[in-house]
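Shown next: input-v4.csv, given as CSV, N, CA and C atoms and all ligand atoms.
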chain,number,residue,atom,x,y,z
A,471,MET,N,63.3,-12.5,-87.7
A,471,MET,CA,62.4,-11.4,-87.2
A,471,MET,C,61.1,-11.3,-88.0
A,472,ALA,N,61.2,-11.5,-89.3
A,472,ALA,CA,60.0,-11.5,-90.1
A,472,ALA,C,59.1,-12.6,-89.7
A,473,ALA,N,59.7,-13.8,-89.3
A,473,ALA,CA,58.8,-14.9,-88.9
A,473,ALA,C,58.0,-14.6,-87.6
A,474,SER,N,58.7,-14.1,-86.6
A,474,SER,CA,58.0,-13.8,-85.4
A,474,SER,C,57.0,-12.7,-85.5
A,475,HIS,N,57.3,-11.7,-86.4
A,475,HIS,CA,56.3,-10.7,-86.6
A,475,HIS,C,55.0,-11.3,-87.2
A,476,HIS,N,55.3,-12.2,-88.1
A,476,HIS,CA,54.1,-12.8,-88.7
A,476,HIS,C,53.3,-13.6,-87.7
A,477,HIS,N,54.0,-14.3,-86.8
A,477,HIS,CA,53.4,-15.0,-85.7
A,477,HIS,C,52.5,-14.1,-84.9
A,478,VAL,N,53.0,-13.0,-84.4
A,478,VAL,CA,52.3,-12.1,-83.6
A,478,VAL,C,51.0,-11.6,-84.3
A,479,ARG,N,51.2,-11.2,-85.6
A,479,ARG,CA,50.0,-10.7,-86.3
A,479,ARG,C,48.9,-11.8,-86.4
A,480,HIS,N,49.4,-13.0,-86.6
A,480,HIS,CA,48.4,-14.1,-86.7
A,480,HIS,C,47.7,-14.3,-85.4
A,481,TRP,N,48.4,-14.3,-84.3
A,481,TRP,CA,47.8,-14.4,-83.0
A,481,TRP,C,46.8,-13.4,-82.7
A,482,SER,N,47.1,-12.1,-83.0
A,482,SER,CA,46.2,-11.0,-82.6
A,482,SER,C,45.0,-11.1,-83.5
A,483,ARG,N,45.2,-11.5,-84.8
A,483,ARG,CA,44.0,-11.6,-85.7
A,483,ARG,C,43.0,-12.7,-85.1
A,484,ARG,N,43.6,-13.8,-84.6
A,484,ARG,CA,42.7,-14.8,-84.1
A,484,ARG,C,42.0,-14.4,-82.9
A,485,SER,N,42.7,-13.6,-82.0
A,485,SER,CA,42.0,-13.2,-80.8
A,485,SER,C,40.9,-12.1,-81.1
A,486,ALA,N,41.2,-11.3,-82.1
A,486,ALA,CA,40.3,-10.3,-82.5
A,486,ALA,C,39.0,-11.0,-83.1
A,487,LEU,N,39.2,-12.1,-83.8
A,487,LEU,CA,38.0,-12.8,-84.3
A,487,LEU,C,37.3,-13.4,-83.2
A,488,GLY,N,38.0,-13.9,-82.1
A,488,GLY,CA,37.3,-14.5,-81.0
A,488,GLY,C,36.4,-13.4,-80.3
A,489,LEU,N,37.0,-12.2,-80.1
A,489,LEU,CA,36.2,-11.1,-79.5
A,489,LEU,C,35.0,-10.8,-80.3
A,490,ILE,N,35.1,-10.7,-81.7
A,490,ILE,CA,34.0,-10.4,-82.5
A,490,ILE,C,32.9,-11.5,-82.3
A,491,ALA,N,33.3,-12.7,-82.2
A,491,ALA,CA,32.3,-13.8,-82.0
A,491,ALA,C,31.5,-13.6,-80.7
A,492,CYS,N,32.1,-13.0,-79.7
A,492,CYS,CA,31.5,-12.9,-78.4
A,492,CYS,C,30.5,-11.7,-78.4
A,493,VAL,N,30.7,-10.7,-79.3
A,493,VAL,CA,30.0,-9.5,-79.2
A,493,VAL,C,28.5,-9.6,-79.4
A,494,PRO,N,28.0,-10.4,-80.4
A,494,PRO,CA,26.6,-10.5,-80.6
A,494,PRO,C,25.8,-11.0,-79.4
A,495,LEU,N,26.4,-11.9,-78.7
A,495,LEU,CA,25.7,-12.4,-77.5
A,495,LEU,C,25.6,-11.3,-76.4
A,496,GLY,N,26.7,-10.6,-76.2
A,496,GLY,CA,26.7,-9.5,-75.2
A,496,GLY,C,25.7,-8.4,-75.6
A,497,LEU,N,25.7,-8.1,-76.9
A,497,LEU,CA,24.7,-7.0,-77.4
A,497,LEU,C,23.3,-7.5,-77.2
A,498,ALA,N,23.0,-8.8,-77.4
A,498,ALA,CA,21.7,-9.3,-77.3
A,498,ALA,C,21.1,-9.1,-75.9
A,499,SER,N,22.0,-9.5,-74.9
A,499,SER,CA,21.5,-9.3,-73.5
A,499,SER,C,21.4,-7.9,-73.1
A,500,MET,N,22.2,-7.0,-73.6
A,500,MET,CA,22.1,-5.6,-73.3
A,500,MET,C,20.9,-5.0,-73.9
A,501,ALA,N,20.6,-5.5,-75.1
A,501,ALA,CA,19.4,-4.9,-75.8
A,501,ALA,C,18.1,-5.3,-75.0
A,502,ASN,N,18.1,-6.6,-74.5
A,502,ASN,CA,16.9,-7.0,-73.7
A,502,ASN,C,16.7,-6.1,-72.5
A,503,ALA,N,17.8,-5.9,-71.8
A,503,ALA,CA,17.7,-5.1,-70.6
A,503,ALA,C,17.3,-3.7,-70.9
A,504,ALA,N,17.9,-3.2,-72.0
A,504,ALA,CA,17.6,-1.8,-72.4
A,504,ALA,C,16.1,-1.6,-72.8
A,505,GLU,N,15.4,-2.6,-73.2
A,505,GLU,CA,14.0,-2.5,-73.5
A,505,GLU,C,13.2,-2.2,-72.3
A,506,CYS,N,13.7,-2.8,-71.1
A,506,CYS,CA,13.0,-2.6,-69.9
A,506,CYS,C,13.3,-1.2,-69.3
A,507,ILE,N,14.6,-0.9,-69.2
A,507,ILE,CA,15.0,0.4,-68.6
A,507,ILE,C,16.3,0.8,-69.1
A,508,ASP,N,16.4,2.1,-69.3
A,508,ASP,CA,17.6,2.7,-69.7
A,508,ASP,C,18.4,3.0,-68.5
A,509,PRO,N,19.6,2.3,-68.3
A,509,PRO,CA,20.4,2.5,-67.0
A,509,PRO,C,20.7,4.0,-66.8
A,510,ALA,N,20.8,4.7,-67.8
A,510,ALA,CA,21.1,6.2,-67.7
A,510,ALA,C,20.0,6.9,-67.0
A,511,SER,N,18.8,6.4,-67.1
A,511,SER,CA,17.6,7.1,-66.5
A,511,SER,C,17.5,6.8,-65.0
A,512,LEU,N,18.3,5.9,-64.5
A,512,LEU,CA,18.2,5.6,-63.0
A,512,LEU,C,18.7,6.7,-62.2
A,513,SER,N,18.1,7.0,-61.1
A,513,SER,CA,18.6,8.0,-60.2
A,513,SER,C,19.8,7.4,-59.4
A,514,ALA,N,20.6,8.3,-58.8
A,514,ALA,CA,21.8,7.8,-58.1
A,514,ALA,C,21.3,6.8,-57.0
A,515,ALA,N,20.2,7.1,-56.3
A,515,ALA,CA,19.7,6.2,-55.3
A,515,ALA,C,19.3,4.9,-55.8
A,516,GLN,N,18.7,4.9,-57.0
A,516,GLN,CA,18.3,3.6,-57.6
A,516,GLN,C,19.5,2.8,-58.0
A,517,LYS,N,20.5,3.5,-58.5
A,517,LYS,CA,21.7,2.8,-58.9
A,517,LYS,C,22.4,2.2,-57.7
A,518,SER,N,22.5,2.9,-56.6
A,518,SER,CA,23.2,2.4,-55.4
A,518,SER,C,22.4,1.2,-54.8
A,519,MET,N,21.1,1.3,-54.9
A,519,MET,CA,20.2,0.2,-54.4
A,519,MET,C,20.5,-1.0,-55.2
A,520,ARG,N,20.5,-0.9,-56.5
A,520,ARG,CA,20.7,-2.1,-57.4
A,520,ARG,C,22.1,-2.7,-57.1
A,521,LYS,N,23.1,-1.8,-56.8
A,521,LYS,CA,24.4,-2.2,-56.6
A,521,LYS,C,24.5,-3.0,-55.2
A,522,SER,N,23.8,-2.4,-54.2
A,522,SER,CA,23.9,-3.0,-52.9
A,522,SER,C,23.2,-4.4,-52.9
A,523,LEU,N,22.1,-4.5,-53.8
A,523,LEU,CA,21.4,-5.8,-53.8
A,523,LEU,C,22.2,-6.8,-54.8
A,524,GLY,N,23.2,-6.4,-55.4
A,524,GLY,CA,24.0,-7.2,-56.3
A,524,GLY,C,23.2,-7.5,-57.5
A,525,PHE,N,22.4,-6.5,-58.0
A,525,PHE,CA,21.6,-6.8,-59.2
A,525,PHE,C,22.5,-7.0,-60.4
A,526,ARG,N,22.1,-8.0,-61.2
A,526,ARG,CA,22.9,-8.4,-62.4
A,526,ARG,C,22.0,-9.2,-63.3
A,527,THR,N,22.5,-9.6,-64.5
A,527,THR,CA,21.8,-10.5,-65.4
A,527,THR,C,22.0,-11.9,-64.9
A,528,SER,N,20.9,-12.6,-64.7
A,528,SER,CA,21.1,-14.0,-64.2
A,528,SER,C,21.6,-15.0,-65.2
A,529,SER,N,22.5,-15.9,-64.7
A,529,SER,CA,22.9,-16.9,-65.6
A,529,SER,C,22.2,-18.2,-65.3
A,530,ASP,N,21.3,-18.2,-64.3
A,530,ASP,CA,20.5,-19.3,-63.9
A,530,ASP,C,19.0,-19.2,-64.3
A,531,ALA,N,18.6,-20.0,-65.2
A,531,ALA,CA,17.2,-19.9,-65.7
A,531,ALA,C,16.2,-20.1,-64.6
A,532,THR,N,16.5,-20.8,-63.5
A,532,THR,CA,15.6,-21.1,-62.5
A,532,THR,C,15.6,-20.0,-61.4
A,533,LYS,N,16.5,-19.1,-61.4
A,533,LYS,CA,16.7,-18.1,-60.4
A,533,LYS,C,16.8,-16.7,-61.1
A,534,ARG,N,15.7,-16.1,-61.3
A,534,ARG,CA,15.8,-14.8,-62.0
A,534,ARG,C,14.5,-14.0,-61.5
A,535,CYS,N,14.6,-12.7,-61.8
A,535,CYS,CA,13.5,-11.7,-61.4
A,535,CYS,C,12.1,-12.2,-61.8
A,536,GLY,N,12.0,-12.8,-63.0
A,536,GLY,CA,10.7,-13.2,-63.5
A,536,GLY,C,10.1,-14.3,-62.6
A,537,LEU,N,10.9,-15.0,-61.8
A,537,LEU,CA,10.5,-16.1,-60.9
A,537,LEU,C,10.6,-15.7,-59.4
A,538,CYS,N,10.7,-14.4,-59.2
A,538,CYS,CA,11.0,-13.9,-57.8
A,538,CYS,C,9.7,-13.4,-57.2
A,539,ALA,N,9.5,-13.6,-55.9
A,539,ALA,CA,8.4,-13.2,-55.1
A,539,ALA,C,8.2,-11.6,-55.2
A,540,PHE,N,9.2,-10.9,-55.4
A,540,PHE,CA,9.1,-9.4,-55.3
A,540,PHE,C,8.8,-8.8,-56.7
A,541,PHE,N,8.7,-9.7,-57.7
A,541,PHE,CA,8.5,-9.3,-59.1
A,541,PHE,C,7.1,-9.2,-59.5
A,542,THR,N,6.7,-8.2,-60.2
A,542,THR,CA,5.3,-8.1,-60.8
A,542,THR,C,5.5,-7.8,-62.2
A,543,ALA,N,5.0,-8.7,-63.1
A,543,ALA,CA,5.2,-8.6,-64.5
A,543,ALA,C,4.6,-7.3,-65.0
A,544,ALA,N,5.3,-6.6,-65.9
A,544,ALA,CA,4.8,-5.4,-66.6
A,544,ALA,C,4.7,-5.7,-68.1
A,545,GLN,N,5.4,-5.0,-68.9
A,545,GLN,CA,5.5,-5.3,-70.3
A,545,GLN,C,6.3,-6.6,-70.5
A,546,PRO,N,6.1,-7.3,-71.6
A,546,PRO,CA,6.7,-8.6,-71.8
A,546,PRO,C,8.3,-8.6,-71.6
A,547,GLY,N,8.7,-9.5,-70.7
A,547,GLY,CA,10.1,-9.6,-70.4
A,547,GLY,C,10.6,-8.6,-69.4
A,548,CYS,N,9.7,-7.8,-68.8
A,548,CYS,CA,10.0,-6.8,-67.8
A,548,CYS,C,9.0,-6.8,-66.7
A,549,GLY,N,9.5,-6.3,-65.6
A,549,GLY,CA,8.5,-6.2,-64.4
A,549,GLY,C,9.0,-5.2,-63.4
A,550,LYS,N,8.2,-5.1,-62.4
A,550,LYS,CA,8.6,-4.2,-61.3
A,550,LYS,C,9.0,-4.9,-60.1
A,551,CYS,N,10.1,-4.5,-59.5
A,551,CYS,CA,10.6,-5.1,-58.3
A,551,CYS,C,10.2,-4.4,-57.0
A,552,ALA,N,9.5,-5.0,-56.1
A,552,ALA,CA,9.0,-4.4,-54.9
A,552,ALA,C,10.2,-3.9,-54.0
A,553,LEU,N,11.3,-4.7,-54.1
A,553,LEU,CA,12.5,-4.3,-53.3
A,553,LEU,C,13.2,-3.1,-53.8
A,554,LEU,N,13.1,-2.9,-55.1
A,554,LEU,CA,13.7,-1.8,-55.8
A,554,LEU,C,12.7,-0.6,-55.9
A,555,SER,N,11.8,-0.5,-55.0
A,555,SER,CA,10.7,0.5,-55.0
A,555,SER,C,10.0,0.6,-56.3
A,556,GLY,N,9.6,-0.6,-56.8
A,556,GLY,CA,8.8,-0.6,-58.0
A,556,GLY,C,9.7,-0.4,-59.3
A,557,GLY,N,11.0,-0.3,-59.1
A,557,GLY,CA,11.8,-0.1,-60.3
A,557,GLY,C,11.7,-1.2,-61.3
A,558,ILE,N,11.8,-0.8,-62.5
A,558,ILE,CA,11.7,-1.8,-63.6
A,558,ILE,C,12.9,-2.7,-63.7
A,559,VAL,N,12.7,-4.0,-63.8
A,559,VAL,CA,13.8,-4.9,-64.0
A,559,VAL,C,13.5,-5.8,-65.1
A,560,PRO,N,14.5,-6.3,-65.9
A,560,PRO,CA,14.3,-7.3,-66.9
A,560,PRO,C,14.0,-8.6,-66.2
A,561,ALA,N,13.2,-9.4,-66.8
A,561,ALA,CA,12.8,-10.7,-66.2
A,561,ALA,C,14.0,-11.6,-66.0
A,562,GLU,N,15.1,-11.4,-66.8
A,562,GLU,CA,16.2,-12.2,-66.7
A,562,GLU,C,17.3,-11.7,-65.8
A,563,GLY,N,16.9,-10.6,-65.0
A,563,GLY,CA,17.9,-10.2,-64.0
A,563,GLY,C,17.8,-11.0,-62.7
A,564,VAL,N,18.6,-10.7,-61.8
A,564,VAL,CA,18.5,-11.4,-60.5
A,564,VAL,C,19.3,-10.5,-59.5
A,565,CYS,N,19.0,-10.7,-58.2
A,565,CYS,CA,19.8,-10.0,-57.2
A,565,CYS,C,20.0,-10.9,-56.0
A,566,ASP,N,20.8,-10.5,-55.0
A,566,ASP,CA,21.1,-11.3,-53.8
A,566,ASP,C,19.9,-11.6,-52.9
A,567,SER,N,18.8,-10.8,-53.1
A,567,SER,CA,17.6,-11.0,-52.3
A,567,SER,C,16.5,-11.8,-53.0
A,568,TRP,N,16.9,-12.5,-54.0
A,568,TRP,CA,15.9,-13.3,-54.8
A,568,TRP,C,15.2,-14.3,-53.8
A,569,ALA,N,13.9,-14.3,-54.0
A,569,ALA,CA,13.1,-15.3,-53.2
A,569,ALA,C,12.1,-16.0,-54.1
A,570,LYS,N,12.1,-17.2,-54.0
A,570,LYS,CA,11.2,-18.0,-54.9
A,570,LYS,C,9.8,-17.6,-54.8
A,571,LYS,N,9.1,-17.3,-55.9
A,571,LYS,CA,7.7,-17.0,-55.9
A,571,LYS,C,6.9,-18.2,-55.4
A,572,SER,N,6.0,-18.0,-54.4
A,572,SER,CA,5.3,-19.1,-53.9
A,572,SER,C,4.0,-19.4,-54.7
B,1,LIG,S1,14.3,-8.9,-55.4
B,1,LIG,FE1,16.0,-9.1,-56.8
B,1,LIG,S2,15.6,-11.0,-57.9
B,1,LIG,FE2,13.7,-10.3,-57.0
B,1,LIG,S3,12.7,-9.1,-58.6
B,1,LIG,FE3,13.8,-7.7,-57.3
B,1,LIG,S4,15.8,-7.5,-58.3
B,1,LIG,FE4,14.9,-9.3,-59.1
File written out as structure tokens:
Amino acid sequence: MAASHHHVRHWSRRSALGLIACVPLGLASMANAAECIDPASLSAAQKSMRKSLGFRTSSDATKRCGLCAFFTAAQPGCGKCALLSGGIVPAEGVCDSWAKKS
């Protein structure tokens, strides 16, 4: 019994360490997005618009708001999206309506 208890503790400690290792990356991207816009300040209409466009943080460096035809750069790393009625988006965001800037 003592041996299996030890095993369980060892396992959860390792997965806890794994979680901790992931946190700084997650916080870093959240901090970037937060510099552009505080999600809490979005109106219900803006939130549902973002949701229906599938707005998210892009994992593709060649397909993101900063390279989109609807994007107008504002402060560094942020811009306004014409499709989101001029709403502020982080340059590293993307949505289902992304169109390559010509
Ligand atoms: S249309 Fe989509 S990908 Fe393009 S700037 Fe707006 S939110 Fe970003």
Proximity check chain A to ligand LIG 1 (chain B), 8 Å, nearest pairs one decimal Å, only C-alpha atoms and all ligand atoms, as JSON lines:
{"residue": "A:Arg520", "atom": "CA", "partner": "B:LIG1", "partner_atom": "S4", "distance": 7.3}
{"residue": "A:Leu523", "atom": "CA", "partner": "B:LIG1", "partner_atom": "FE1", "distance": 7.0}
{"residue": "A:Phe525", "atom": "CA", "partner": "B:LIG1", "partner_atom": "S4", "distance": 5.9}
{"residue": "A:Lys533", "atom": "CA", "partner": "B:LIG1", "partner_atom": "S2", "distance": 7.6}
{"residue": "A:Arg534", "atom": "CA", "partner": "B:LIG1", "partner_atom": "S2", "distance": 5.6}
{"residue": "A:Cys535", "atom": "CA", "partner": "B:LIG1", "partner_atom": "FE4", "distance": 3.6}
{"residue": "A:Gly536", "atom": "CA", "partner": "B:LIG1", "partner_atom": "S3", "distance": 6.7}
{"residue": "A:Leu537", "atom": "CA", "partner": "B:LIG1", "partner_atom": "FE2", "distance": 7.7}
{"residue": "A:Cys538", "atom": "CA", "partner": "B:LIG1", "partner_atom": "FE2", "distance": 4.6}
{"residue": "A:Ala539", "atom": "CA", "partner": "B:LIG1", "partner_atom": "FE2", "distance": 6.3}
{"residue": "A:Phe540", "atom": "CA", "partner": "B:LIG1", "partner_atom": "S3", "distance": 4.9}
{"residue": "A:Phe541", "atom": "CA", "partner": "B:LIG1", "partner_atom": "S3", "distance": 4.2}
{"residue": "A:Thr542", "atom": "CA", "partner": "B:LIG1", "partner_atom": "S3", "distance": 7.8}
{"residue": "A:Gly549", "atom": "CA", "partner": "B:LIG1", "partner_atom": "S3", "distance": 7.7}
{"residue": "A:Lys550", "atom": "CA", "partner": "B:LIG1", "partner_atom": "S3", "distance": 6.9}
{"residue": "A:Cys551", "atom": "CA", "partner": "B:LIG1", "partner_atom": "FE3", "distance": 4.2}
{"residue": "A:Ala552", "atom": "CA", "partner": "B:LIG1", "partner_atom": "FE3", "distance": 6.3}
{"residue": "A:Leu553", "atom": "CA", "partner": "B:LIG1", "partner_atom": "S1", "distance": 5.4}
{"residue": "A:Leu554", "atom": "CA", "partner": "B:LIG1", "partner_atom": "FE3", "distance": 6.1}
{"residue": "A:Val559", "atom": "CA", "partner": "B:LIG1", "partner_atom": "S4", "distance": 6.6}
{"residue": "A:Ala561", "atom": "CA", "partner": "B:LIG1", "partner_atom": "FE4", "distance": 7.5}
{"residue": "A:Gly563", "atom": "CA", "partner": "B:LIG1", "partner_atom": "FE4", "distance": 5.8}
{"residue": "A:Val564", "atom": "CA", "partner": "B:LIG1", "partner_atom": "S2", "distance": 3.9}
{"residue": "A:Cys565", "atom": "CA", "partner": "B:LIG1", "partner_atom": "FE1", "distance": 3.9}
{"residue": "A:Asp566", "atom": "CA", "partner": "B:LIG1", "partner_atom": "FE1", "distance": 6.3}
{"residue": "A:Ser567", "atom": "CA", "partner": "B:LIG1", "partner_atom": "S1", "distance": 5.0}
{"residue": "A:Trp568", "atom": "CA", "partner": "B:LIG1", "partner_atom": "S2", "distance": 3.9}
{"residue": "A:Ala569", "atom": "CA", "partner": "B:LIG1", "partner_atom": "FE2", "distance": 6.3}
Grab the residues selected above and save them as a PDB file, in the coordinates of the input with N, CA and C atoms.
ATOM      1  N   ARG A 520      20.500  -0.900 -56.500  1.00  0.00           N
ATOM      2  CA  ARG A 520      20.700  -2.100 -57.400  1.00  0.00           C
ATOM      3  C   ARG A 520      22.100  -2.700 -57.100  1.00  0.00           C
ATOM      4  N   LEU A 523      22.100  -4.500 -53.800  1.00  0.00           N
ATOM      5  CA  LEU A 523      21.400  -5.800 -53.800  1.00  0.00           C
ATOM      6  C   LEU A 523      22.200  -6.800 -54.800  1.00  0.00           C
ATOM      7  N   PHE A 525      22.400  -6.500 -58.000  1.00  0.00           N
ATOM      8  CA  PHE A 525      21.600  -6.800 -59.200  1.00  0.00           C
ATOM      9  C   PHE A 525      22.500  -7.000 -60.400  1.00  0.00           C
ATOM     10  N   LYS A 533      16.500 -19.100 -61.400  1.00  0.00           N
ATOM     11  CA  LYS A 533      16.700 -18.100 -60.400  1.00  0.00           C
ATOM     12  C   LYS A 533      16.800 -16.700 -61.100  1.00  0.00           C
ATOM     13  N   ARG A 534      15.700 -16.100 -61.300  1.00  0.00           N
ATOM     14  CA  ARG A 534      15.800 -14.800 -62.000  1.00  0.00           C
ATOM     15  C   ARG A 534      14.500 -14.000 -61.500  1.00  0.00           C
ATOM     16  N   CYS A 535      14.600 -12.700 -61.800  1.00  0.00           N
ATOM     17  CA  CYS A 535      13.500 -11.700 -61.400  1.00  0.00           C
ATOM     18  C   CYS A 535      12.100 -12.200 -61.800  1.00  0.00           C
ATOM     19  N   GLY A 536      12.000 -12.800 -63.000  1.00  0.00           N
ATOM     20  CA  GLY A 536      10.700 -13.200 -63.500  1.00  0.00           C
ATOM     21  C   GLY A 536      10.100 -14.300 -62.600  1.00  0.00           C
ATOM     22  N   LEU A 537      10.900 -15.000 -61.800  1.00  0.00           N
ATOM     23  CA  LEU A 537      10.500 -16.100 -60.900  1.00  0.00           C
ATOM     24  C   LEU A 537      10.600 -15.700 -59.400  1.00  0.00           C
ATOM     25  N   CYS A 538      10.700 -14.400 -59.200  1.00  0.00           N
ATOM     26  CA  CYS A 538      11.000 -13.900 -57.800  1.00  0.00           C
ATOM     27  C   CYS A 538       9.700 -13.400 -57.200  1.00  0.00           C
ATOM     28  N   ALA A 539       9.500 -13.600 -55.900  1.00  0.00           N
ATOM     29  CA  ALA A 539       8.400 -13.200 -55.100  1.00  0.00           C
ATOM     30  C   ALA A 539       8.200 -11.600 -55.200  1.00  0.00           C
ATOM     31  N   PHE A 540       9.200 -10.900 -55.400  1.00  0.00           N
ATOM     32  CA  PHE A 540       9.100  -9.400 -55.300  1.00  0.00           C
ATOM     33  C   PHE A 540       8.800  -8.800 -56.700  1.00  0.00           C
ATOM     34  N   PHE A 541       8.700  -9.700 -57.700  1.00  0.00           N
ATOM     35  CA  PHE A 541       8.500  -9.300 -59.100  1.00  0.00           C
ATOM     36  C   PHE A 541       7.100  -9.200 -59.500  1.00  0.00           C
ATOM     37  N   THR A 542       6.700  -8.200 -60.200  1.00  0.00           N
ATOM     38  CA  THR A 542       5.300  -8.100 -60.800  1.00  0.00           C
ATOM     39  C   THR A 542       5.500  -7.800 -62.200  1.00  0.00           C
ATOM     40  N   GLY A 549       9.500  -6.300 -65.600  1.00  0.00           N
ATOM     41  CA  GLY A 549       8.500  -6.200 -64.400  1.00  0.00           C
ATOM     42  C   GLY A 549       9.000  -5.200 -63.400  1.00  0.00           C
ATOM     43  N   LYS A 550       8.200  -5.100 -62.400  1.00  0.00           N
ATOM     44  CA  LYS A 550       8.600  -4.200 -61.300  1.00  0.00           C
ATOM     45  C   LYS A 550       9.000  -4.900 -60.100  1.00  0.00           C
ATOM     46  N   CYS A 551      10.100  -4.500 -59.500  1.00  0.00           N
ATOM     47  CA  CYS A 551      10.600  -5.100 -58.300  1.00  0.00           C
ATOM     48  C   CYS A 551      10.200  -4.400 -57.000  1.00  0.00           C
ATOM     49  N   ALA A 552       9.500  -5.000 -56.100  1.00  0.00           N
ATOM     50  CA  ALA A 552       9.000  -4.400 -54.900  1.00  0.00           C
ATOM     51  C   ALA A 552      10.200  -3.900 -54.000  1.00  0.00           C
ATOM     52  N   LEU A 553      11.300  -4.700 -54.100  1.00  0.00           N
ATOM     53  CA  LEU A 553      12.500  -4.300 -53.300  1.00  0.00           C
ATOM     54  C   LEU A 553      13.200  -3.100 -53.800  1.00  0.00           C
ATOM     55  N   LEU A 554      13.100  -2.900 -55.100  1.00  0.00           N
ATOM     56  CA  LEU A 554      13.700  -1.800 -55.800  1.00  0.00           C
ATOM     57  C   LEU A 554      12.700  -0.600 -55.900  1.00  0.00           C
ATOM     58  N   VAL A 559      12.700  -4.000 -63.800  1.00  0.00           N
ATOM     59  CA  VAL A 559      13.800  -4.900 -64.000  1.00  0.00           C
ATOM     60  C   VAL A 559      13.500  -5.800 -65.100  1.00  0.00           C
ATOM     61  N   ALA A 561      13.200  -9.400 -66.800  1.00  0.00           N
ATOM     62  CA  ALA A 561      12.800 -10.700 -66.200  1.00  0.00           C
ATOM     63  C   ALA A 561      14.000 -11.600 -66.000  1.00  0.00           C
ATOM     64  N   GLY A 563      16.900 -10.600 -65.000  1.00  0.00           N
ATOM     65  CA  GLY A 563      17.900 -10.200 -64.000  1.00  0.00           C
ATOM     66  C   GLY A 563      17.800 -11.000 -62.700  1.00  0.00           C
ATOM     67  N   VAL A 564      18.600 -10.700 -61.800  1.00  0.00           N
ATOM     68  CA  VAL A 564      18.500 -11.400 -60.500  1.00  0.00           C
ATOM     69  C   VAL A 564      19.300 -10.500 -59.500  1.00  0.00           C
ATOM     70  N   CYS A 565      19.000 -10.700 -58.200  1.00  0.00           N
ATOM     71  CA  CYS A 565      19.800 -10.000 -57.200  1.00  0.00           C
ATOM     72  C   CYS A 565      20.000 -10.900 -56.000  1.00  0.00           C
ATOM     73  N   ASP A 566      20.800 -10.500 -55.000  1.00  0.00           N
ATOM     74  CA  ASP A 566      21.100 -11.300 -53.800  1.00  0.00           C
ATOM     75  C   ASP A 566      19.900 -11.600 -52.900  1.00  0.00           C
ATOM     76  N   SER A 567      18.800 -10.800 -53.100  1.00  0.00           N
ATOM     77  CA  SER A 567      17.600 -11.000 -52.300  1.00  0.00           C
ATOM     78  C   SER A 567      16.500 -11.800 -53.000  1.00  0.00           C
ATOM     79  N   TRP A 568      16.900 -12.500 -54.000  1.00  0.00           N
ATOM     80  CA  TRP A 568      15.900 -13.300 -54.800  1.00  0.00           C
ATOM     81  C   TRP A 568      15.200 -14.300 -53.800  1.00  0.00           C
ATOM     82  N   ALA A 569      13.900 -14.300 -54.000  1.00  0.00           N
ATOM     83  CA  ALA A 569      13.100 -15.300 -53.200  1.00  0.00           C
ATOM     84  C   ALA A 569      12.100 -16.000 -54.100  1.00  0.00           C
TER      85      ALA A 569
END
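Atom CA of A:Leu512 lies 25.8 Å from atom C of A:Thr532.
Taking atom CA of A:Asp530 as the reference point, atom CA of A:Gln516 is found at 23.9 Å.
Atom pair atom CA of A:Thr527 / atom CA of A:Ser572 has a distance of 21.9 Å (rounded to one decimal).
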